[in-house]
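The data block below is work31.cif; it holds mmCIF, C-alpha atoms.
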data_protein
#
loop_
_atom_site.group_PDB
_atom_site.id
_atom_site.type_symbol
_atom_site.label_atom_id
_atom_site.label_comp_id
_atom_site.auth_asym_id
_atom_site.auth_seq_id
_atom_site.Cartn_x
_atom_site.Cartn_y
_atom_site.Cartn_z
ATOM 1 C CA MET B 3 92.622 94.271 86.212
ATOM 2 C CA PRO B 4 92.579 97.031 83.632
ATOM 3 C CA HIS B 5 89.946 99.709 83.831
ATOM 4 C CA LEU B 6 89.022 102.621 81.617
ATOM 5 C CA VAL B 7 91.673 105.272 81.024
ATOM 6 C CA THR B 8 90.397 108.473 79.441
ATOM 7 C CA HIS B 9 91.410 112.131 79.114
ATOM 8 C CA ARG B 10 87.948 113.695 79.074
ATOM 9 C CA PRO B 11 86.137 115.144 82.129
ATOM 10 C CA ARG B 12 84.609 112.398 84.240
ATOM 11 C CA LEU B 13 81.026 112.263 85.518
ATOM 12 C CA THR B 14 81.781 109.636 88.136
ATOM 13 C CA ASN B 15 78.996 110.820 90.410
ATOM 14 C CA LEU B 16 76.187 109.240 88.401
ATOM 15 C CA ARG B 17 73.584 111.496 90.044
ATOM 16 C CA SER B 18 75.232 114.750 88.923
ATOM 17 C CA ASP B 19 75.400 116.052 85.332
ATOM 18 C CA ASP B 20 77.505 119.069 86.298
ATOM 19 C CA GLU B 21 81.096 118.462 85.113
ATOM 20 C CA THR B 22 82.409 121.060 87.598
ATOM 21 C CA ASP B 23 80.830 119.298 90.595
ATOM 22 C CA ASN B 24 83.561 118.421 93.138
ATOM 23 C CA SER B 25 81.782 115.171 93.953
ATOM 24 C CA HIS B 26 83.207 113.707 90.710
ATOM 25 C CA GLN B 27 86.701 114.125 92.137
ATOM 26 C CA ALA B 28 85.689 112.281 95.293
ATOM 27 C CA TRP B 29 84.241 109.400 93.277
ATOM 28 C CA GLU B 30 87.406 109.183 91.152
ATOM 29 C CA THR B 31 89.521 108.999 94.296
ATOM 30 C CA PHE B 32 87.281 106.298 95.782
ATOM 31 C CA SER B 33 87.470 104.317 92.531
ATOM 32 C CA ALA B 34 91.270 104.591 92.450
ATOM 33 C CA PHE B 35 91.623 103.364 96.043
ATOM 34 C CA SER B 36 89.171 100.523 95.370
ATOM 35 C CA TYR B 37 91.219 99.470 92.369
ATOM 36 C CA GLU B 38 94.434 99.523 94.384
ATOM 37 C CA LEU B 39 92.812 97.489 97.171
ATOM 38 C CA GLY B 40 91.763 94.921 94.572
ATOM 39 C CA GLY B 41 95.331 94.871 93.273
ATOM 40 C CA VAL B 42 96.678 94.126 96.756
ATOM 41 C CA MET B 43 94.171 91.264 97.078
ATOM 42 C CA PHE B 44 95.339 89.801 93.780
ATOM 43 C CA VAL B 45 99.019 90.050 94.747
ATOM 44 C CA ILE B 46 98.479 88.279 98.075
ATOM 45 C CA GLY B 47 96.122 85.748 96.487
ATOM 46 C CA SER B 48 98.670 84.962 93.776
ATOM 47 C CA VAL B 49 101.344 84.285 96.404
ATOM 48 C CA CYS B 50 99.019 81.678 97.928
ATOM 49 C CA PHE B 51 99.073 79.767 94.608
ATOM 50 C CA PHE B 52 102.700 78.684 95.075
ATOM 51 C CA PRO B 53 102.847 74.896 95.740
ATOM 52 C CA ALA B 54 104.848 75.524 98.913
ATOM 53 C CA LEU B 55 101.825 77.432 100.266
ATOM 54 C CA SER B 56 99.187 74.946 99.095
ATOM 55 C CA SER B 57 97.535 74.988 102.529
ATOM 56 C CA TYR B 58 96.542 78.602 101.796
ATOM 57 C CA LEU B 59 95.051 77.824 98.374
ATOM 58 C CA ALA B 60 91.477 78.420 99.546
ATOM 59 C CA LEU B 61 92.549 81.788 100.998
ATOM 60 C CA GLY B 62 94.140 82.718 97.677
ATOM 61 C CA ASP B 63 90.983 81.784 95.777
ATOM 62 C CA GLY B 64 88.883 83.783 98.233
ATOM 63 C CA LEU B 65 91.085 86.846 97.741
ATOM 64 C CA PHE B 66 90.795 86.430 93.956
ATOM 65 C CA ILE B 67 87.002 86.326 94.258
ATOM 66 C CA ALA B 68 86.940 89.418 96.485
ATOM 67 C CA GLY B 69 89.369 91.283 94.232
ATOM 68 C CA SER B 70 87.437 90.305 91.091
ATOM 69 C CA VAL B 71 84.147 91.463 92.615
ATOM 70 C CA LEU B 72 85.785 94.773 93.584
ATOM 71 C CA TYR B 73 87.112 95.212 90.035
ATOM 72 C CA LEU B 74 83.684 94.342 88.650
ATOM 73 C CA LEU B 75 82.114 97.084 90.767
ATOM 74 C CA VAL B 76 84.728 99.596 89.569
ATOM 75 C CA THR B 77 84.498 98.644 85.884
ATOM 76 C CA GLY B 78 80.697 98.434 86.077
ATOM 77 C CA HIS B 79 80.544 101.924 87.545
ATOM 78 C CA GLU B 80 82.837 103.166 84.766
ATOM 79 C CA LEU B 81 80.637 101.568 82.112
ATOM 80 C CA LEU B 82 77.614 103.420 83.511
ATOM 81 C CA GLU B 83 79.665 106.631 83.565
ATOM 82 C CA VAL B 84 80.648 106.142 79.906
ATOM 83 C CA HIS B 85 77.027 105.670 78.847
ATOM 84 C CA LYS B 86 75.983 108.688 80.893
ATOM 85 C CA TYR B 87 78.716 110.973 79.534
ATOM 86 C CA TRP B 88 78.118 110.132 75.892
ATOM 87 C CA ARG B 89 74.364 110.355 76.350
ATOM 88 C CA LEU B 90 74.863 113.967 77.478
ATOM 89 C CA HIS B 91 77.416 114.560 74.693
ATOM 90 C CA ASP B 92 75.672 112.777 71.842
ATOM 91 C CA THR B 93 78.385 113.083 69.172
ATOM 92 C CA ALA B 94 78.705 109.521 67.809
ATOM 93 C CA THR B 95 82.431 110.130 67.344
ATOM 94 C CA PHE B 96 85.327 107.674 67.244
ATOM 95 C CA ALA B 97 86.169 108.634 70.845
ATOM 96 C CA ASN B 98 82.914 107.370 72.349
ATOM 97 C CA ARG B 99 83.050 104.167 70.299
ATOM 98 C CA ILE B 100 86.506 103.512 71.740
ATOM 99 C CA GLU B 101 85.240 104.025 75.266
ATOM 100 C CA PHE B 102 82.200 101.792 74.744
ATOM 101 C CA VAL B 103 84.358 98.923 73.450
ATOM 102 C CA ALA B 104 86.997 99.313 76.186
ATOM 103 C CA ALA B 105 84.470 99.679 79.024
ATOM 104 C CA TRP B 106 82.433 96.646 77.919
ATOM 105 C CA SER B 107 85.621 94.584 77.493
ATOM 106 C CA TYR B 108 86.694 95.392 81.044
ATOM 107 C CA VAL B 109 83.283 94.614 82.547
ATOM 108 C CA LEU B 110 82.899 91.300 80.708
ATOM 109 C CA GLY B 111 86.477 90.361 81.592
ATOM 110 C CA SER B 112 85.785 91.099 85.274
ATOM 111 C CA VAL B 113 82.686 88.884 85.157
ATOM 112 C CA MET B 114 84.819 86.076 83.708
ATOM 113 C CA PHE B 115 87.295 86.457 86.553
ATOM 114 C CA VAL B 116 84.613 86.420 89.246
ATOM 115 C CA VAL B 117 83.091 83.182 87.947
ATOM 116 C CA GLY B 118 86.496 81.679 87.126
ATOM 117 C CA SER B 119 87.772 82.376 90.651
ATOM 118 C CA VAL B 120 84.745 80.574 92.097
ATOM 119 C CA PHE B 121 85.471 77.560 89.852
ATOM 120 C CA PHE B 122 89.035 77.431 91.222
ATOM 121 C CA LEU B 123 87.828 77.022 94.810
ATOM 122 C CA PRO B 124 88.852 73.590 96.214
ATOM 123 C CA ALA B 125 85.221 72.952 97.192
ATOM 124 C CA VAL B 126 84.118 73.506 93.585
ATOM 125 C CA ASP B 127 87.201 72.079 91.822
ATOM 126 C CA MET B 128 86.253 72.981 88.249
ATOM 127 C CA ILE B 129 89.807 73.812 87.199
ATOM 128 C CA ALA B 130 89.486 73.527 83.411
ATOM 129 C CA PRO B 131 86.365 75.758 83.103
ATOM 130 C CA GLY B 132 87.945 78.219 85.524
ATOM 131 C CA ALA B 133 91.131 78.315 83.439
ATOM 132 C CA TRP B 134 89.148 78.959 80.257
ATOM 133 C CA LEU B 135 87.287 81.817 81.938
ATOM 134 C CA PHE B 136 90.582 83.333 83.071
ATOM 135 C CA ILE B 137 91.990 83.027 79.546
ATOM 136 C CA VAL B 138 88.929 84.618 77.932
ATOM 137 C CA GLY B 139 88.771 87.302 80.631
ATOM 138 C CA SER B 140 92.458 88.127 80.173
ATOM 139 C CA ALA B 141 91.946 88.305 76.400
ATOM 140 C CA LEU B 142 89.105 90.791 76.927
ATOM 141 C CA PHE B 143 91.336 92.919 79.165
ATOM 142 C CA PHE B 144 94.068 92.744 76.524
ATOM 143 C CA ILE B 145 91.649 93.845 73.782
ATOM 144 C CA GLY B 146 90.270 96.629 75.970
ATOM 145 C CA GLY B 147 93.796 97.909 76.614
ATOM 146 C CA LEU B 148 94.690 97.905 72.917
ATOM 147 C CA VAL B 149 91.488 99.769 72.092
ATOM 148 C CA ASN B 150 92.003 102.175 74.978
ATOM 149 C CA ILE B 151 95.494 103.106 73.786
ATOM 150 C CA LEU B 152 93.995 104.645 70.621
ATOM 151 C CA GLN B 153 93.030 107.602 72.816
ATOM 152 C CA VAL B 154 96.656 108.601 73.406
ATOM 153 C CA VAL B 155 96.372 111.434 70.845
ATOM 154 C CA GLU B 156 93.846 113.163 73.114
ATOM 155 C CA ALA B 157 96.335 113.528 75.971
ATOM 156 C CA PRO B 158 96.372 117.075 77.433
ATOM 157 C CA SER B 159 100.154 117.211 78.003
ATOM 158 C CA LEU B 160 103.379 115.361 77.299
ATOM 159 C CA ILE B 161 103.734 113.934 80.814
ATOM 160 C CA TYR B 162 100.056 112.974 80.763
ATOM 161 C CA MET B 163 100.603 111.140 77.467
ATOM 162 C CA GLN B 164 103.627 109.333 78.909
ATOM 163 C CA LEU B 165 101.647 108.284 81.987
ATOM 164 C CA PHE B 166 98.832 107.110 79.720
ATOM 165 C CA ASN B 167 101.208 104.917 77.687
ATOM 166 C CA PHE B 168 102.837 103.604 80.859
ATOM 167 C CA THR B 169 99.498 102.741 82.478
ATOM 168 C CA VAL B 170 97.959 100.989 79.478
ATOM 169 C CA ALA B 171 101.221 99.102 78.830
ATOM 170 C CA LEU B 172 101.110 97.753 82.403
ATOM 171 C CA PHE B 173 97.522 96.585 81.909
ATOM 172 C CA VAL B 174 98.228 94.933 78.547
ATOM 173 C CA ILE B 175 101.355 93.114 79.788
ATOM 174 C CA GLY B 176 99.618 92.072 83.013
ATOM 175 C CA SER B 177 96.664 90.685 81.045
ATOM 176 C CA ALA B 178 98.998 88.718 78.781
ATOM 177 C CA LEU B 179 100.752 87.233 81.827
ATOM 178 C CA PHE B 180 97.430 86.175 83.363
ATOM 179 C CA ALA B 181 96.363 84.483 80.124
ATOM 180 C CA GLU B 182 99.696 82.673 79.811
ATOM 181 C CA ALA B 183 99.623 81.563 83.457
ATOM 182 C CA SER B 184 96.095 80.130 83.043
ATOM 183 C CA ILE B 185 96.815 77.921 80.018
ATOM 184 C CA PRO B 186 98.835 75.199 81.878
ATOM 185 C CA TYR B 187 95.796 74.523 84.102
ATOM 186 C CA LEU B 188 94.292 72.834 81.030
ATOM 187 C CA TRP B 189 97.167 70.348 80.845
ATOM 188 C CA HIS B 190 97.595 67.029 82.650
ATOM 189 C CA LEU B 191 101.213 66.702 83.765
ATOM 190 C CA GLY B 192 103.162 64.432 86.063
ATOM 191 C CA THR B 193 103.535 65.295 89.724
ATOM 192 C CA THR B 194 107.014 66.831 89.451
ATOM 193 C CA ALA B 195 106.286 68.693 86.239
ATOM 194 C CA GLN B 196 102.955 69.892 87.613
ATOM 195 C CA ARG B 197 104.625 71.301 90.708
ATOM 196 C CA GLN B 198 107.239 73.128 88.643
ATOM 197 C CA MET B 199 104.621 74.487 86.283
ATOM 198 C CA SER B 200 102.412 75.595 89.198
ATOM 199 C CA THR B 201 105.348 77.512 90.654
ATOM 200 C CA PHE B 202 105.940 79.205 87.304
ATOM 201 C CA ASP B 203 102.231 80.016 86.924
ATOM 202 C CA ALA B 204 102.028 81.488 90.425
ATOM 203 C CA ALA B 205 105.054 83.680 89.696
ATOM 204 C CA GLN B 206 103.345 85.003 86.556
ATOM 205 C CA TYR B 207 100.140 85.693 88.498
ATOM 206 C CA VAL B 208 102.150 87.587 91.119
ATOM 207 C CA PHE B 209 104.004 89.636 88.515
ATOM 208 C CA GLY B 210 100.821 90.346 86.566
ATOM 209 C CA SER B 211 99.004 91.391 89.747
ATOM 210 C CA VAL B 212 101.855 93.730 90.672
ATOM 211 C CA LEU B 213 101.596 95.328 87.218
ATOM 212 C CA PHE B 214 97.850 95.828 87.720
ATOM 213 C CA LEU B 215 98.506 97.370 91.141
ATOM 214 C CA VAL B 216 101.171 99.736 89.789
ATOM 215 C CA GLY B 217 98.828 100.608 86.919
ATOM 216 C CA GLY B 218 96.172 101.606 89.437
ATOM 217 C CA MET B 219 98.697 103.803 91.235
ATOM 218 C CA ALA B 220 99.671 105.382 87.921
ATOM 219 C CA ILE B 221 96.017 106.210 87.227
ATOM 220 C CA PHE B 222 95.742 107.954 90.580
ATOM 221 C CA TYR B 223 98.937 109.894 89.847
ATOM 222 C CA ARG B 224 97.549 110.849 86.423
ATOM 223 C CA LYS B 225 94.510 112.243 88.201
ATOM 224 C CA LEU B 226 96.743 114.474 90.347
ATOM 225 C CA VAL B 227 98.734 115.587 87.289
ATOM 226 C CA ARG B 228 95.520 116.405 85.408
ATOM 227 C CA ASN B 229 94.217 118.497 88.316
ATOM 228 C CA ARG B 230 97.460 120.500 88.498
ATOM 229 C CA LEU B 231 97.538 120.889 84.720
ATOM 230 C CA GLU B 232 93.980 122.207 84.572
ATOM 231 C CA THR B 233 94.636 124.642 87.428
ATOM 232 C CA PHE B 234 97.816 125.896 85.751
ATOM 233 C CA CYS B 235 96.232 126.296 82.303
ATOM 234 C CA HIS B 236 93.007 127.894 83.490
ATOM 235 C CA ALA B 237 94.918 130.405 85.617
ATOM 236 C CA ARG B 238 96.856 131.517 82.519
ATOM 237 C CA GLY B 239 94.054 131.234 79.998
ATOM 238 C CA LEU B 240 95.731 128.342 78.202
ATOM 239 C CA GLY B 241 94.188 125.339 76.501
ATOM 240 C CA THR B 242 94.716 121.916 78.053
ATOM 241 C CA MET B 243 94.823 119.749 74.927
ATOM 242 C CA PHE B 244 98.363 118.691 74.062
ATOM 243 C CA ILE B 245 97.563 118.009 70.416
ATOM 244 C CA SER B 246 95.899 121.421 70.063
ATOM 245 C CA ALA B 247 98.998 123.025 71.511
ATOM 246 C CA LEU B 248 101.175 121.164 69.036
ATOM 247 C CA GLN B 249 98.966 122.221 66.146
ATOM 248 C CA SER B 250 99.198 125.839 67.287
ATOM 249 C CA GLU B 251 102.980 125.561 67.553
ATOM 250 C CA ILE B 252 103.242 124.067 64.054
ATOM 251 C CA HIS B 253 100.982 126.807 62.712
ATOM 252 C CA ASP B 254 103.139 129.510 64.321
ATOM 253 C CA LYS B 255 106.283 127.982 62.876
ATOM 254 C CA ALA B 256 104.670 127.797 59.434
ATOM 255 C CA ARG B 257 103.976 131.528 59.618
ATOM 256 C CA LEU B 258 107.472 132.243 60.952
ATOM 257 C CA VAL B 259 109.377 130.411 58.194
ATOM 258 C CA PRO B 260 108.105 132.619 55.314
ATOM 259 C CA ARG B 261 109.093 135.699 57.298
ATOM 260 C CA ILE B 262 112.620 134.384 57.793
ATOM 261 C CA THR B 263 112.828 133.435 54.134
ATOM 262 C CA GLU B 264 111.548 136.853 53.140
ATOM 263 C CA LYS B 265 114.141 138.630 55.311
ATOM 264 C CA GLY B 266 116.877 136.434 53.893
ATOM 265 C CA SER B 267 115.841 137.310 50.357
ATOM 266 C CA LYS B 268 115.903 141.030 51.102
ATOM 267 C CA ARG B 269 119.393 140.768 52.564
ATOM 268 C CA ALA B 270 120.568 138.890 49.505
ATOM 269 C CA GLU B 271 119.296 141.714 47.295
#
Any chance you could put this one into structure tokens?
Amino acid sequence: MPHLVTHRPRLTNLRSDDETDNSHQAWETFSAFSYELGGVMFVIGSVCFFPALSSYLALGDGLFIAGSVLYLLVTGHELLEVHKYWRLHDTATFANRIEFVAAWSYVLGSVMFVVGSVFFLPAVDMIAPGAWLFIVGSALFFIGGLVNILQVVEAPSLIYMQLFNFTVALFVIGSALFAEASIPYLWHLGTTAQRQMSTFDAAQYVFGSVLFLVGGMAIFYRKLVRNRLETFCHARGLGTMFISALQSEIHDKARLVPRITEKGSKRAE
């Protein structure tokens, strides 16, 4: 499942308001590993949805429930962190509105997946409502990803911006695959067609889950890149905002061009 991607300092330890507190790093690492564990659960659970492994369907549903609950805890924690950060930095800017919309989309989508996974259990057997919850939840993840990507201009470096685009793209594509794979559960097909469609749906769930897992790994890698970038820039007294650096470079070039023009004019004389 997607979860919030942001370039600003994180206050992931909800009991500390100090942005330099090392405990925030520990919480970010724990969140990243939790997300990756949830991704592994979704991959294995999706494999159990193949018709050839129908005897493991209950196991697959159970893994989806566990993974969804884990994602809900991660996204819920991030939502609290967003509210905390912008309460301490009360700016009412476009940036915090983006984060509020994305964080709420991810939390509500995770809730949909938890309930939807329960509906898919063989003992419950509420397939159609479960499919609708998966579709709505996937749509919320998709919307959250599209909103989240508006923050790309705040990236602190080129590689960080590339990782940001890569991560959000994985989440958006994975969400679209989950929504598409859930739609056929609303249809009533013949036995042969149903088996073929179930195989296709399971393959999409597997692929989408792999994208979510890789996205979680990319977020952890972005965290390492950000730490190295901040250490490098602070040691040399440099700024860490990529856009600010570009603006400075453009400004320097703007001042350089008149000088070159002026020298050329003098030579011509």
Residues picked by the PyMOL selection byres ((chain B and resi 152) around 12) here, as a list in words? Val7, Thr8, His9, Phe96, Ala97, Asn98, Arg99, Ile100, Glu101, Val103, Ala104, Ile145, Gly146, Gly147, Leu148, Val149, Asn150, Ile151, Gln153, Val154, Val155, Glu156, Ala157, Met163, Phe166, Asn167 and Val170 of chain B
Interatomic distance between CA of Phe180 in chain B and CA of Tyr207 in chain B? 5.8 Å
Using CA of Ser112 in chain B and CA of Trp189 in chain B as the two end points, give the distance in Å to one decimal. 24.1 Å
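Going from CA of Ser25 in chain B to CA of Met43 in chain B covers 27.1 Å.
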Near range 77-87 of chain B, counting only C-alpha atoms, which residues have an atom at most 7 Å away, once you skip same-chain residues fewer than 5 positions from it, shown as a PyMOL selection string? chain B and resi 5-6+13-14+16+101-102+105-106+108-109
Report as a compact mmCIF listing (two decimals) with C-alpha atoms, keeping the file's coordinate frame the full result of the PyMOL selection byres ((chain B and resi 62) around 7) when it is applied to this structure.
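Listing of out28.txt after writing:
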# COMPACT_ATOMS: atom_id res chain seq x y z
CA GLY B 47 96.12 85.75 96.49
CA SER B 48 98.67 84.96 93.78
CA CYS B 50 99.02 81.68 97.93
CA PHE B 51 99.07 79.77 94.61
CA TYR B 58 96.54 78.60 101.80
CA LEU B 59 95.05 77.82 98.37
CA ALA B 60 91.48 78.42 99.55
CA LEU B 61 92.55 81.79 101.00
CA ASP B 63 90.98 81.78 95.78
CA GLY B 64 88.88 83.78 98.23
CA LEU B 65 91.08 86.85 97.74
CA PHE B 66 90.80 86.43 93.96
Who sits within 8 Å of Gly41 in chain B, all atoms listed in the file, same chain under 6 positions skipped, as a short mmCIF file (atom, residue, chain, number, x, y, z; two decimals) with C-alpha atoms, in the frame of the given file:
data_model
loop_
_atom_site.label_atom_id
_atom_site.label_comp_id
_atom_site.auth_asym_id
_atom_site.auth_seq_id
_atom_site.Cartn_x
_atom_site.Cartn_y
_atom_site.Cartn_z
CA MET B 3 92.62 94.27 86.21
CA GLY B 69 89.37 91.28 94.23
CA SER B 211 99.00 91.39 89.75
CA VAL B 212 101.86 93.73 90.67
CA PHE B 214 97.85 95.83 87.72
CA LEU B 215 98.51 97.37 91.14
CA GLY B 218 96.17 101.61 89.44
#
The PyMOL selection byres ((chain B and resi 121) around 10) - which residues does that actually catch in the file I just gave you? List them as an mmCIF file with C-alpha atoms, keeping the file's coordinate frame.
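Output below, filename out.cif:
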data_model
loop_
_atom_site.group_PDB
_atom_site.id
_atom_site.type_symbol
_atom_site.label_atom_id
_atom_site.label_comp_id
_atom_site.auth_asym_id
_atom_site.auth_seq_id
_atom_site.Cartn_x
_atom_site.Cartn_y
_atom_site.Cartn_z
ATOM 1 C CA ASP B 63 90.983 81.784 95.777
ATOM 2 C CA ILE B 67 87.002 86.326 94.258
ATOM 3 C CA PHE B 115 87.295 86.457 86.553
ATOM 4 C CA VAL B 116 84.613 86.420 89.246
ATOM 5 C CA VAL B 117 83.091 83.182 87.947
ATOM 6 C CA GLY B 118 86.496 81.679 87.126
ATOM 7 C CA SER B 119 87.772 82.376 90.651
ATOM 8 C CA VAL B 120 84.745 80.574 92.097
ATOM 9 C CA PHE B 122 89.035 77.431 91.222
ATOM 10 C CA LEU B 123 87.828 77.022 94.810
ATOM 11 C CA PRO B 124 88.852 73.590 96.214
ATOM 12 C CA ALA B 125 85.221 72.952 97.192
ATOM 13 C CA VAL B 126 84.118 73.506 93.585
ATOM 14 C CA ASP B 127 87.201 72.079 91.822
ATOM 15 C CA MET B 128 86.253 72.981 88.249
ATOM 16 C CA ILE B 129 89.807 73.812 87.199
ATOM 17 C CA ALA B 130 89.486 73.527 83.411
ATOM 18 C CA PRO B 131 86.365 75.758 83.103
ATOM 19 C CA GLY B 132 87.945 78.219 85.524
ATOM 20 C CA ALA B 133 91.131 78.315 83.439
ATOM 21 C CA LEU B 135 87.287 81.817 81.938
#
